[in-house]
$ cat coords_12.pdb   # PDB, N, CA and C atoms
ATOM      1  N   MET A 222     194.328  41.691-173.473
ATOM      2  CA  MET A 222     194.023  41.730-172.053
ATOM      3  C   MET A 222     192.645  41.145-171.771
ATOM      4  N   ASP A 223     191.674  41.454-172.654
ATOM      5  CA  ASP A 223     190.323  40.948-172.451
ATOM      6  C   ASP A 223     190.289  39.426-172.541
ATOM      7  N   LYS A 224     191.052  38.883-173.509
ATOM      8  CA  LYS A 224     191.100  37.430-173.645
ATOM      9  C   LYS A 224     191.705  36.796-172.394
ATOM     10  N   GLN A 225     192.707  37.428-171.840
ATOM     11  CA  GLN A 225     193.332  36.886-170.632
ATOM     12  C   GLN A 225     192.343  36.927-169.463
ATOM     13  N   LYS A 226     191.580  37.990-169.320
ATOM     14  CA  LYS A 226     190.567  38.068-168.266
ATOM     15  C   LYS A 226     189.520  36.983-168.444
ATOM     16  N   ARG A 227     189.060  36.791-169.696
ATOM     17  CA  ARG A 227     188.051  35.771-169.972
ATOM     18  C   ARG A 227     188.614  34.388-169.683
ATOM     19  N   SER A 228     189.856  34.176-170.055
ATOM     20  CA  SER A 228     190.495  32.888-169.826
ATOM     21  C   SER A 228     190.603  32.586-168.338
ATOM     22  N   ILE A 229     191.001  33.572-167.579
ATOM     23  CA  ILE A 229     191.124  33.379-166.132
ATOM     24  C   ILE A 229     189.754  33.116-165.521
ATOM     25  N   SER A 230     188.752  33.833-165.960
ATOM     26  CA  SER A 230     187.431  33.621-165.389
ATOM     27  C   SER A 230     186.858  32.260-165.782
ATOM     28  N   LEU A 231     187.088  31.807-167.011
ATOM     29  CA  LEU A 231     186.628  30.471-167.401
ATOM     30  C   LEU A 231     187.376  29.402-166.607
ATOM     31  N   ASP A 232     188.653  29.632-166.355
ATOM     32  CA  ASP A 232     189.424  28.697-165.527
ATOM     33  C   ASP A 232     188.808  28.592-164.137
ATOM     34  N   LYS A 233     188.530  29.723-163.539
ATOM     35  CA  LYS A 233     187.960  29.730-162.192
ATOM     36  C   LYS A 233     186.568  29.100-162.172
ATOM     37  N   ILE A 234     185.773  29.380-163.190
ATOM     38  CA  ILE A 234     184.435  28.802-163.262
ATOM     39  C   ILE A 234     184.525  27.288-163.405
ATOM     40  N   MET A 235     185.436  26.809-164.248
ATOM     41  CA  MET A 235     185.559  25.365-164.442
ATOM     42  C   MET A 235     186.034  24.679-163.175
ATOM     43  N   ILE A 236     186.968  25.268-162.479
ATOM     44  CA  ILE A 236     187.433  24.689-161.211
ATOM     45  C   ILE A 236     186.302  24.692-160.187
ATOM     46  N   ALA A 237     185.538  25.776-160.121
ATOM     47  CA  ALA A 237     184.412  25.844-159.179
ATOM     48  C   ALA A 237     183.354  24.790-159.502
ATOM     49  N   ILE A 238     183.043  24.596-160.783
ATOM     50  CA  ILE A 238     182.063  23.580-161.177
ATOM     51  C   ILE A 238     182.563  22.194-160.808
ATOM     52  N   THR A 239     183.844  21.936-161.034
ATOM     53  CA  THR A 239     184.406  20.623-160.710
ATOM     54  C   THR A 239     184.408  20.381-159.209
ATOM     55  N   VAL A 240     184.770  21.384-158.425
ATOM     56  CA  VAL A 240     184.755  21.238-156.964
ATOM     57  C   VAL A 240     183.335  21.012-156.475
ATOM     58  N   LEU A 241     182.394  21.744-157.019
ATOM     59  CA  LEU A 241     180.988  21.573-156.653
ATOM     60  C   LEU A 241     180.493  20.173-157.023
ATOM     61  N   SER A 242     180.827  19.712-158.201
ATOM     62  CA  SER A 242     180.425  18.381-158.644
ATOM     63  C   SER A 242     181.055  17.301-157.773
ATOM     64  N   PHE A 243     182.330  17.461-157.429
ATOM     65  CA  PHE A 243     183.017  16.486-156.590
ATOM     66  C   PHE A 243     182.402  16.460-155.186
ATOM     67  N   THR A 244     182.111  17.632-154.638
ATOM     68  CA  THR A 244     181.500  17.723-153.313
ATOM     69  C   THR A 244     180.110  17.085-153.312
ATOM     70  N   ALA A 245     179.328  17.347-154.337
ATOM     71  CA  ALA A 245     178.001  16.742-154.434
ATOM     72  C   ALA A 245     178.102  15.225-154.592
ATOM     73  N   THR A 246     179.124  14.761-155.300
ATOM     74  CA  THR A 246     179.336  13.319-155.439
ATOM     75  C   THR A 246     179.640  12.699-154.084
ATOM     76  N   ILE A 247     180.434  13.379-153.269
ATOM     77  CA  ILE A 247     180.722  12.894-151.913
ATOM     78  C   ILE A 247     179.426  12.803-151.105
ATOM     79  N   LEU A 248     178.567  13.803-151.240
ATOM     80  CA  LEU A 248     177.333  13.834-150.465
ATOM     81  C   LEU A 248     176.362  12.721-150.845
ATOM     82  N   ILE A 249     176.324  12.337-152.113
ATOM     83  CA  ILE A 249     175.382  11.297-152.528
ATOM     84  C   ILE A 249     176.036   9.913-152.610
ATOM     85  N   TYR A 250     177.301   9.815-152.297
ATOM     86  CA  TYR A 250     178.035   8.558-152.442
ATOM     87  C   TYR A 250     177.370   7.400-151.707
ATOM     88  N   SER A 251     176.893   7.623-150.524
ATOM     89  CA  SER A 251     176.293   6.534-149.742
ATOM     90  C   SER A 251     174.992   6.024-150.361
ATOM     91  N   SER A 252     174.322   6.831-151.153
ATOM     92  CA  SER A 252     173.072   6.390-151.772
ATOM     93  C   SER A 252     173.267   5.757-153.152
ATOM     94  N   LEU A 253     174.502   5.716-153.623
ATOM     95  CA  LEU A 253     174.770   5.085-154.916
ATOM     96  C   LEU A 253     174.788   3.573-154.772
ATOM     97  N   PRO A 254     174.378   2.851-155.826
ATOM     98  CA  PRO A 254     174.464   1.393-155.774
ATOM     99  C   PRO A 254     175.925   0.946-155.848
ATOM    100  N   ALA A 255     176.181  -0.314-155.533
ATOM    101  CA  ALA A 255     177.547  -0.838-155.534
ATOM    102  C   ALA A 255     178.183  -0.778-156.920
ATOM    103  N   MET A 256     177.378  -0.953-157.950
ATOM    104  CA  MET A 256     177.875  -0.904-159.324
ATOM    105  C   MET A 256     177.135   0.193-160.080
ATOM    106  N   ILE A 257     177.888   0.976-160.855
ATOM    107  CA  ILE A 257     177.331   2.093-161.612
ATOM    108  C   ILE A 257     177.475   1.802-163.103
ATOM    109  N   PRO A 258     176.409   1.939-163.887
ATOM    110  CA  PRO A 258     176.534   1.720-165.331
ATOM    111  C   PRO A 258     177.360   2.840-165.965
ATOM    112  N   TYR A 259     178.227   2.489-166.894
ATOM    113  CA  TYR A 259     178.995   3.524-167.567
ATOM    114  C   TYR A 259     178.980   3.381-169.081
ATOM    115  N   HIS A 260     178.449   2.275-169.598
ATOM    116  CA  HIS A 260     178.399   2.095-171.042
ATOM    117  C   HIS A 260     177.214   1.217-171.389
ATOM    118  N   TRP A 261     176.443   1.643-172.374
ATOM    119  CA  TRP A 261     175.310   0.875-172.851
ATOM    120  C   TRP A 261     175.594   0.470-174.288
ATOM    121  N   GLY A 262     175.459  -0.816-174.567
ATOM    122  CA  GLY A 262     175.669  -1.325-175.913
ATOM    123  C   GLY A 262     174.420  -1.179-176.763
ATOM    124  N   ILE A 263     174.562  -1.442-178.048
ATOM    125  CA  ILE A 263     173.435  -1.331-178.974
ATOM    126  C   ILE A 263     172.350  -2.336-178.616
ATOM    127  N   GLY A 264     172.761  -3.517-178.185
ATOM    128  CA  GLY A 264     171.799  -4.548-177.838
ATOM    129  C   GLY A 264     171.190  -4.378-176.461
ATOM    130  N   GLY A 265     171.514  -3.315-175.766
ATOM    131  CA  GLY A 265     170.963  -3.068-174.448
ATOM    132  C   GLY A 265     171.828  -3.585-173.310
ATOM    133  N   SER A 266     172.979  -4.165-173.652
ATOM    134  CA  SER A 266     173.871  -4.650-172.597
ATOM    135  C   SER A 266     174.499  -3.468-171.861
ATOM    136  N   VAL A 267     174.700  -3.650-170.574
ATOM    137  CA  VAL A 267     175.231  -2.580-169.742
ATOM    138  C   VAL A 267     176.548  -3.030-169.114
ATOM    139  N   LYS A 268     177.559  -2.186-169.233
ATOM    140  CA  LYS A 268     178.819  -2.439-168.538
ATOM    141  C   LYS A 268     178.813  -1.578-167.284
ATOM    142  N   THR A 269     179.323  -2.127-166.211
ATOM    143  CA  THR A 269     179.292  -1.394-164.948
ATOM    144  C   THR A 269     180.693  -1.245-164.376
ATOM    145  N   ALA A 270     180.805  -0.331-163.427
ATOM    146  CA  ALA A 270     182.042  -0.112-162.681
ATOM    147  C   ALA A 270     181.664   0.054-161.216
ATOM    148  N   GLU A 271     182.627  -0.138-160.345
ATOM    149  CA  GLU A 271     182.356   0.055-158.921
ATOM    150  C   GLU A 271     182.069   1.523-158.650
ATOM    151  N   LYS A 272     181.372   1.771-157.552
ATOM    152  CA  LYS A 272     180.893   3.136-157.317
ATOM    153  C   LYS A 272     181.996   4.138-157.013
ATOM    154  N   TRP A 273     183.180   3.714-156.586
ATOM    155  CA  TRP A 273     184.274   4.664-156.332
ATOM    156  C   TRP A 273     184.734   5.354-157.611
ATOM    157  N   VAL A 274     184.403   4.781-158.773
ATOM    158  CA  VAL A 274     184.760   5.401-160.053
ATOM    159  C   VAL A 274     184.056   6.747-160.217
ATOM    160  N   ALA A 275     182.976   6.960-159.487
ATOM    161  CA  ALA A 275     182.261   8.238-159.550
ATOM    162  C   ALA A 275     183.166   9.400-159.156
ATOM    163  N   PHE A 276     184.117   9.161-158.271
ATOM    164  CA  PHE A 276     185.043  10.233-157.897
ATOM    165  C   PHE A 276     185.976  10.599-159.047
ATOM    166  N   ILE A 277     186.376   9.604-159.800
ATOM    167  CA  ILE A 277     187.243   9.862-160.956
ATOM    168  C   ILE A 277     186.480  10.644-162.017
ATOM    169  N   THR A 278     185.235  10.216-162.287
ATOM    170  CA  THR A 278     184.464  10.927-163.304
ATOM    171  C   THR A 278     184.059  12.327-162.848
ATOM    172  N   ALA A 279     184.009  12.554-161.543
ATOM    173  CA  ALA A 279     183.708  13.903-161.047
ATOM    174  C   ALA A 279     184.890  14.841-161.249
ATOM    175  N   LEU A 280     186.108  14.303-161.223
ATOM    176  CA  LEU A 280     187.305  15.131-161.410
ATOM    177  C   LEU A 280     187.764  15.217-162.861
ATOM    178  N   THR A 281     187.239  14.372-163.708
ATOM    179  CA  THR A 281     187.652  14.328-165.115
ATOM    180  C   THR A 281     187.442  15.647-165.864
ATOM    181  N   PRO A 282     186.350  16.387-165.649
ATOM    182  CA  PRO A 282     186.140  17.612-166.430
ATOM    183  C   PRO A 282     187.275  18.627-166.347
ATOM    184  N   VAL A 283     187.865  18.805-165.188
ATOM    185  CA  VAL A 283     188.939  19.794-165.091
ATOM    186  C   VAL A 283     190.168  19.326-165.880
ATOM    187  N   GLY A 284     190.433  18.028-165.878
ATOM    188  CA  GLY A 284     191.541  17.508-166.673
ATOM    189  C   GLY A 284     191.282  17.648-168.161
ATOM    190  N   ILE A 285     190.070  17.347-168.579
ATOM    191  CA  ILE A 285     189.713  17.486-169.989
ATOM    192  C   ILE A 285     189.728  18.952-170.401
ATOM    193  N   TYR A 286     189.290  19.823-169.517
ATOM    194  CA  TYR A 286     189.291  21.259-169.806
ATOM    195  C   TYR A 286     190.695  21.732-170.175
ATOM    196  N   TYR A 287     191.669  21.396-169.342
ATOM    197  CA  TYR A 287     193.032  21.857-169.617
ATOM    198  C   TYR A 287     193.668  21.119-170.787
ATOM    199  N   LEU A 288     193.311  19.867-171.002
ATOM    200  CA  LEU A 288     193.820  19.119-172.147
ATOM    201  C   LEU A 288     193.319  19.723-173.451
ATOM    202  N   VAL A 289     192.020  19.981-173.550
ATOM    203  CA  VAL A 289     191.456  20.576-174.759
ATOM    204  C   VAL A 289     191.987  21.987-174.943
ATOM    205  N   LYS A 290     192.120  22.721-173.873
ATOM    206  CA  LYS A 290     192.617  24.100-173.949
ATOM    207  C   LYS A 290     194.034  24.145-174.501
ATOM    208  N   CYS A 291     194.856  23.202-174.105
ATOM    209  CA  CYS A 291     196.246  23.178-174.571
ATOM    210  C   CYS A 291     196.379  22.642-175.991
ATOM    211  N   ARG A 292     195.501  21.745-176.401
ATOM    212  CA  ARG A 292     195.647  21.067-177.687
ATOM    213  C   ARG A 292     194.905  21.734-178.836
ATOM    214  N   SER A 293     193.938  22.596-178.563
ATOM    215  CA  SER A 293     193.124  23.147-179.647
ATOM    216  C   SER A 293     193.674  24.484-180.126
ATOM    217  N   ASN A 294     193.065  24.981-181.177
ATOM    218  CA  ASN A 294     193.422  26.263-181.753
ATOM    219  C   ASN A 294     193.275  27.355-180.694
ATOM    220  N   LYS A 295     194.254  28.204-180.581
ATOM    221  CA  LYS A 295     194.266  29.208-179.500
ATOM    222  C   LYS A 295     193.050  30.135-179.521
ATOM    223  N   SER A 296     192.535  30.461-180.686
ATOM    224  CA  SER A 296     191.402  31.386-180.726
ATOM    225  C   SER A 296     190.118  30.743-180.193
ATOM    226  N   LEU A 297     190.005  29.438-180.309
ATOM    227  CA  LEU A 297     188.803  28.752-179.840
ATOM    228  C   LEU A 297     189.030  27.943-178.580
ATOM    229  N   SER A 298     190.247  27.881-178.100
ATOM    230  CA  SER A 298     190.597  26.928-177.055
ATOM    231  C   SER A 298     189.830  27.136-175.754
ATOM    232  N   ASP A 299     189.676  28.359-175.303
ATOM    233  CA  ASP A 299     189.023  28.599-174.018
ATOM    234  C   ASP A 299     187.560  28.175-174.025
ATOM    235  N   VAL A 300     186.821  28.639-174.998
ATOM    236  CA  VAL A 300     185.393  28.346-175.057
ATOM    237  C   VAL A 300     185.159  26.874-175.374
ATOM    238  N   LEU A 301     185.909  26.328-176.326
ATOM    239  CA  LEU A 301     185.762  24.922-176.677
ATOM    240  C   LEU A 301     186.070  24.024-175.483
ATOM    241  N   ALA A 302     187.144  24.307-174.793
ATOM    242  CA  ALA A 302     187.513  23.512-173.617
ATOM    243  C   ALA A 302     186.427  23.582-172.554
ATOM    244  N   PHE A 303     185.863  24.754-172.350
ATOM    245  CA  PHE A 303     184.809  24.935-171.356
ATOM    246  C   PHE A 303     183.564  24.135-171.724
ATOM    247  N   VAL A 304     183.166  24.191-172.981
ATOM    248  CA  VAL A 304     181.968  23.474-173.434
ATOM    249  C   VAL A 304     182.164  21.967-173.328
ATOM    250  N   VAL A 305     183.325  21.468-173.735
ATOM    251  CA  VAL A 305     183.598  20.033-173.653
ATOM    252  C   VAL A 305     183.582  19.574-172.196
ATOM    253  N   ALA A 306     184.203  20.340-171.306
ATOM    254  CA  ALA A 306     184.232  19.975-169.889
ATOM    255  C   ALA A 306     182.829  20.004-169.281
ATOM    256  N   LEU A 307     182.019  20.977-169.643
ATOM    257  CA  LEU A 307     180.638  21.013-169.147
ATOM    258  C   LEU A 307     179.845  19.809-169.638
ATOM    259  N   PHE A 308     180.099  19.391-170.860
ATOM    260  CA  PHE A 308     179.447  18.202-171.395
ATOM    261  C   PHE A 308     179.807  16.972-170.569
ATOM    262  N   ILE A 309     181.054  16.869-170.138
ATOM    263  CA  ILE A 309     181.491  15.749-169.309
ATOM    264  C   ILE A 309     180.813  15.799-167.937
ATOM    265  N   VAL A 310     180.629  16.982-167.386
ATOM    266  CA  VAL A 310     179.904  17.121-166.108
ATOM    267  C   VAL A 310     178.469  16.632-166.269
ATOM    268  N   VAL A 311     177.826  16.988-167.361
ATOM    269  CA  VAL A 311     176.447  16.549-167.617
ATOM    270  C   VAL A 311     176.393  15.029-167.748
ATOM    271  N   ILE A 312     177.342  14.439-168.446
ATOM    272  CA  ILE A 312     177.387  12.981-168.580
ATOM    273  C   ILE A 312     177.577  12.330-167.212
ATOM    274  N   HIS A 313     178.477  12.875-166.403
ATOM    275  CA  HIS A 313     178.731  12.334-165.063
ATOM    276  C   HIS A 313     177.442  12.294-164.244
ATOM    277  N   TRP A 314     176.720  13.406-164.199
ATOM    278  CA  TRP A 314     175.513  13.468-163.382
ATOM    279  C   TRP A 314     174.365  12.670-163.989
ATOM    280  N   THR A 315     174.303  12.560-165.294
ATOM    281  CA  THR A 315     173.290  11.716-165.927
ATOM    282  C   THR A 315     173.494  10.262-165.533
ATOM    283  N   ILE A 316     174.724   9.810-165.579
ATOM    284  CA  ILE A 316     175.017   8.430-165.201
ATOM    285  C   ILE A 316     174.705   8.185-163.721
ATOM    286  N   LEU A 317     175.049   9.131-162.860
ATOM    287  CA  LEU A 317     174.743   8.952-161.444
ATOM    288  C   LEU A 317     173.247   8.918-161.188
ATOM    289  N   PHE A 318     172.487   9.778-161.827
ATOM    290  CA  PHE A 318     171.041   9.785-161.625
ATOM    291  C   PHE A 318     170.402   8.506-162.168
ATOM    292  N   ILE A 319     170.883   8.024-163.300
ATOM    293  CA  ILE A 319     170.361   6.773-163.844
ATOM    294  C   ILE A 319     170.668   5.615-162.898
ATOM    295  N   SER A 320     171.846   5.615-162.311
ATOM    296  CA  SER A 320     172.232   4.504-161.427
ATOM    297  C   SER A 320     171.440   4.520-160.115
ATOM    298  N   MET A 321     170.917   5.659-159.711
ATOM    299  CA  MET A 321     170.172   5.760-158.461
ATOM    300  C   MET A 321     168.701   5.357-158.635
ATOM    301  N   ARG A 322     168.254   5.128-159.845
ATOM    302  CA  ARG A 322     166.857   4.747-160.093
ATOM    303  C   ARG A 322     166.555   3.383-159.611
TER     304      ARG A 322
END

$ encode --input "coords_12.pdb" --output "structure tokens"
Amino acid sequence: MDKQKRSISLDKIMIAITVLSFTATILIYSSLPAMIPYHWGIGGSVKTAEKWVAFITALTPVGIYYLVKCRSNKSLSDVLAFVVALFIVVIHWTILFISMR
């Protein structure tokens, strides 16, 4: 029962973080440049994408959360999925902040 409560609460927290991230992305969308960097090569080359891709990367954590949760070992699935999804949120916001410089 405790695991089920923890699982439900992590689910709700992850959805809330994703909704918050998506809403914040909407709020800063107008201040983003036309092209957003998404990959840096070893030689310093930068690959870019159009700024609407920010909406996709804002929603990606919830998809990754459920994908990792379903595919990983059941004893570690909830926490591992949560940590991986939070890492994706951090990457999303790091890229947006770098692009706004």

$ closest_residue --input "coords_12.pdb" --among "A:Met321, A:Ala279, A:Leu307, A:Ala302" --to "Leu241 of chain A" --atoms "only C-alpha atoms"
A:Ala279

$ closest_residue --input "coords_12.pdb" --among "A:Gly265, A:Tyr286, A:Arg322, A:Leu280" --to "Ser298 of chain A" --atoms "only C-alpha atoms"
A:Tyr286

$ select_by_dssp --input "coords_12.pdb" --residues "chain A" --states "strand (DSSP E)" --output "list of chain:residue names"
A:Met256, A:Ile257, A:Pro258, A:Tyr259, A:His260, A:Trp261, A:Val267, A:Lys268, A:Thr269, A:Ala270, A:Glu271

$ atom_distance --input "coords_12.pdb" --atom1 "atom N of Phe243 of chain A" --atom2 "atom CA of Val267 of chain A"
24.6 Å

$ select_by_dssp --input "coords_12.pdb" --residues "chain A" --states "helix (DSSP H, G or I)" --output "PyMOL selection string"
chain A and resi 223-252+274-292+298-320

$ resolve_selection --input "coords_12.pdb" --expression "the PyMOL selection byres (((chain A and resi 271 and name CA) around 12) and name CA)" --output "mmCIF file with N, CA and C atoms, keeping the file's coordinate frame"
data_model
loop_
_atom_site.group_PDB
_atom_site.id
_atom_site.type_symbol
_atom_site.label_atom_id
_atom_site.label_comp_id
_atom_site.auth_asym_id
_atom_site.auth_seq_id
_atom_site.Cartn_x
_atom_site.Cartn_y
_atom_site.Cartn_z
ATOM 1 N N TYR A 250 177.301 9.815 -152.297
ATOM 2 C CA TYR A 250 178.035 8.558 -152.442
ATOM 3 C C TYR A 250 177.370 7.400 -151.707
ATOM 4 N N LEU A 253 174.502 5.716 -153.623
ATOM 5 C CA LEU A 253 174.770 5.085 -154.916
ATOM 6 C C LEU A 253 174.788 3.573 -154.772
ATOM 7 N N PRO A 254 174.378 2.851 -155.826
ATOM 8 C CA PRO A 254 174.464 1.393 -155.774
ATOM 9 C C PRO A 254 175.925 0.946 -155.848
ATOM 10 N N ALA A 255 176.181 -0.314 -155.533
ATOM 11 C CA ALA A 255 177.547 -0.838 -155.534
ATOM 12 C C ALA A 255 178.183 -0.778 -156.920
ATOM 13 N N MET A 256 177.378 -0.953 -157.950
ATOM 14 C CA MET A 256 177.875 -0.904 -159.324
ATOM 15 C C MET A 256 177.135 0.193 -160.080
ATOM 16 N N ILE A 257 177.888 0.976 -160.855
ATOM 17 C CA ILE A 257 177.331 2.093 -161.612
ATOM 18 C C ILE A 257 177.475 1.802 -163.103
ATOM 19 N N PRO A 258 176.409 1.939 -163.887
ATOM 20 C CA PRO A 258 176.534 1.720 -165.331
ATOM 21 C C PRO A 258 177.360 2.840 -165.965
ATOM 22 N N TYR A 259 178.227 2.489 -166.894
ATOM 23 C CA TYR A 259 178.995 3.524 -167.567
ATOM 24 C C TYR A 259 178.980 3.381 -169.081
ATOM 25 N N LYS A 268 177.559 -2.186 -169.233
ATOM 26 C CA LYS A 268 178.819 -2.439 -168.538
ATOM 27 C C LYS A 268 178.813 -1.578 -167.284
ATOM 28 N N THR A 269 179.323 -2.127 -166.211
ATOM 29 C CA THR A 269 179.292 -1.394 -164.948
ATOM 30 C C THR A 269 180.693 -1.245 -164.376
ATOM 31 N N ALA A 270 180.805 -0.331 -163.427
ATOM 32 C CA ALA A 270 182.042 -0.112 -162.681
ATOM 33 C C ALA A 270 181.664 0.054 -161.216
ATOM 34 N N LYS A 272 181.372 1.771 -157.552
ATOM 35 C CA LYS A 272 180.893 3.136 -157.317
ATOM 36 C C LYS A 272 181.996 4.138 -157.013
ATOM 37 N N TRP A 273 183.180 3.714 -156.586
ATOM 38 C CA TRP A 273 184.274 4.664 -156.332
ATOM 39 C C TRP A 273 184.734 5.354 -157.611
ATOM 40 N N VAL A 274 184.403 4.781 -158.773
ATOM 41 C CA VAL A 274 184.760 5.401 -160.053
ATOM 42 C C VAL A 274 184.056 6.747 -160.217
ATOM 43 N N ALA A 275 182.976 6.960 -159.487
ATOM 44 C CA ALA A 275 182.261 8.238 -159.550
ATOM 45 C C ALA A 275 183.166 9.400 -159.156
ATOM 46 N N PHE A 276 184.117 9.161 -158.271
ATOM 47 C CA PHE A 276 185.043 10.233 -157.897
ATOM 48 C C PHE A 276 185.976 10.599 -159.047
ATOM 49 N N ILE A 277 186.376 9.604 -159.800
ATOM 50 C CA ILE A 277 187.243 9.862 -160.956
ATOM 51 C C ILE A 277 186.480 10.644 -162.017
ATOM 52 N N THR A 278 185.235 10.216 -162.287
ATOM 53 C CA THR A 278 184.464 10.927 -163.304
ATOM 54 C C THR A 278 184.059 12.327 -162.848
ATOM 55 N N LEU A 317 175.049 9.131 -162.860
ATOM 56 C CA LEU A 317 174.743 8.952 -161.444
ATOM 57 C C LEU A 317 173.247 8.918 -161.188
ATOM 58 N N SER A 320 171.846 5.615 -162.311
ATOM 59 C CA SER A 320 172.232 4.504 -161.427
ATOM 60 C C SER A 320 171.440 4.520 -160.115
#

$ residues_around --input "coords_12.pdb" --residues "Ala306 of chain A" --least-positions-apart "6" --cutoff "10 Å" --atoms "only C-alpha atoms" --output "mmCIF file with N, CA and C atoms, in the frame of the given file"
data_model
loop_
_atom_site.group_PDB
_atom_site.id
_atom_site.type_symbol
_atom_site.label_atom_id
_atom_site.label_comp_id
_atom_site.auth_asym_id
_atom_site.auth_seq_id
_atom_site.Cartn_x
_atom_site.Cartn_y
_atom_site.Cartn_z
ATOM 1 N N MET A 235 185.436 26.809 -164.248
ATOM 2 C CA MET A 235 185.559 25.365 -164.442
ATOM 3 C C MET A 235 186.034 24.679 -163.175
ATOM 4 N N ILE A 238 183.043 24.596 -160.783
ATOM 5 C CA ILE A 238 182.063 23.580 -161.177
ATOM 6 C C ILE A 238 182.563 22.194 -160.808
ATOM 7 N N THR A 239 183.844 21.936 -161.034
ATOM 8 C CA THR A 239 184.406 20.623 -160.710
ATOM 9 C C THR A 239 184.408 20.381 -159.209
ATOM 10 N N THR A 281 187.239 14.372 -163.708
ATOM 11 C CA THR A 281 187.652 14.328 -165.115
ATOM 12 C C THR A 281 187.442 15.647 -165.864
ATOM 13 N N PRO A 282 186.350 16.387 -165.649
ATOM 14 C CA PRO A 282 186.140 17.612 -166.430
ATOM 15 C C PRO A 282 187.275 18.627 -166.347
ATOM 16 N N VAL A 283 187.865 18.805 -165.188
ATOM 17 C CA VAL A 283 188.939 19.794 -165.091
ATOM 18 C C VAL A 283 190.168 19.326 -165.880
ATOM 19 N N GLY A 284 190.433 18.028 -165.878
ATOM 20 C CA GLY A 284 191.541 17.508 -166.673
ATOM 21 C C GLY A 284 191.282 17.648 -168.161
ATOM 22 N N ILE A 285 190.070 17.347 -168.579
ATOM 23 C CA ILE A 285 189.713 17.486 -169.989
ATOM 24 C C ILE A 285 189.728 18.952 -170.401
ATOM 25 N N TYR A 286 189.290 19.823 -169.517
ATOM 26 C CA TYR A 286 189.291 21.259 -169.806
ATOM 27 C C TYR A 286 190.695 21.732 -170.175
ATOM 28 N N TYR A 287 191.669 21.396 -169.342
ATOM 29 C CA TYR A 287 193.032 21.857 -169.617
ATOM 30 C C TYR A 287 193.668 21.119 -170.787
ATOM 31 N N LEU A 288 193.311 19.867 -171.002
ATOM 32 C CA LEU A 288 193.820 19.119 -172.147
ATOM 33 C C LEU A 288 193.319 19.723 -173.451
ATOM 34 N N VAL A 289 192.020 19.981 -173.550
ATOM 35 C CA VAL A 289 191.456 20.576 -174.759
ATOM 36 C C VAL A 289 191.987 21.987 -174.943
ATOM 37 N N VAL A 300 186.821 28.639 -174.998
ATOM 38 C CA VAL A 300 185.393 28.346 -175.057
ATOM 39 C C VAL A 300 185.159 26.874 -175.374
ATOM 40 N N ILE A 312 177.342 14.439 -168.446
ATOM 41 C CA ILE A 312 177.387 12.981 -168.580
ATOM 42 C C ILE A 312 177.577 12.330 -167.212
#

$ decode --input "coords_12.pdb" --residues "segment 226-245 of chain A" --atoms "C-alpha atoms" --output "PDB file, in the first residue's frame"
ATOM      1  CA  LYS A 226       0.801   5.797  -2.334  1.00  0.00           C
ATOM      2  CA  ARG A 227       4.376   6.792  -3.199  1.00  0.00           C
ATOM      3  CA  SER A 228       3.819   5.868  -6.823  1.00  0.00           C
ATOM      4  CA  ILE A 229       0.667   7.941  -7.050  1.00  0.00           C
ATOM      5  CA  SER A 230       2.328  10.907  -5.408  1.00  0.00           C
ATOM      6  CA  LEU A 231       5.374  10.713  -7.709  1.00  0.00           C
ATOM      7  CA  ASP A 232       2.988  10.529 -10.667  1.00  0.00           C
ATOM      8  CA  LYS A 233       1.177  13.646  -9.509  1.00  0.00           C
ATOM      9  CA  ILE A 234       4.429  15.474  -8.793  1.00  0.00           C
ATOM     10  CA  MET A 235       5.813  14.627 -12.233  1.00  0.00           C
ATOM     11  CA  ILE A 236       2.644  15.785 -13.972  1.00  0.00           C
ATOM     12  CA  ALA A 237       2.657  19.008 -11.921  1.00  0.00           C
ATOM     13  CA  ILE A 238       6.322  19.676 -12.792  1.00  0.00           C
ATOM     14  CA  THR A 239       5.629  19.063 -16.479  1.00  0.00           C
ATOM     15  CA  VAL A 240       2.568  21.335 -16.484  1.00  0.00           C
ATOM     16  CA  LEU A 241       4.543  24.026 -14.680  1.00  0.00           C
ATOM     17  CA  SER A 242       7.443  23.695 -17.120  1.00  0.00           C
ATOM     18  CA  PHE A 243       5.100  23.801 -20.124  1.00  0.00           C
ATOM     19  CA  THR A 244       3.287  26.868 -18.752  1.00  0.00           C
ATOM     20  CA  ALA A 245       6.578  28.654 -18.089  1.00  0.00           C
TER      21      ALA A 245
END
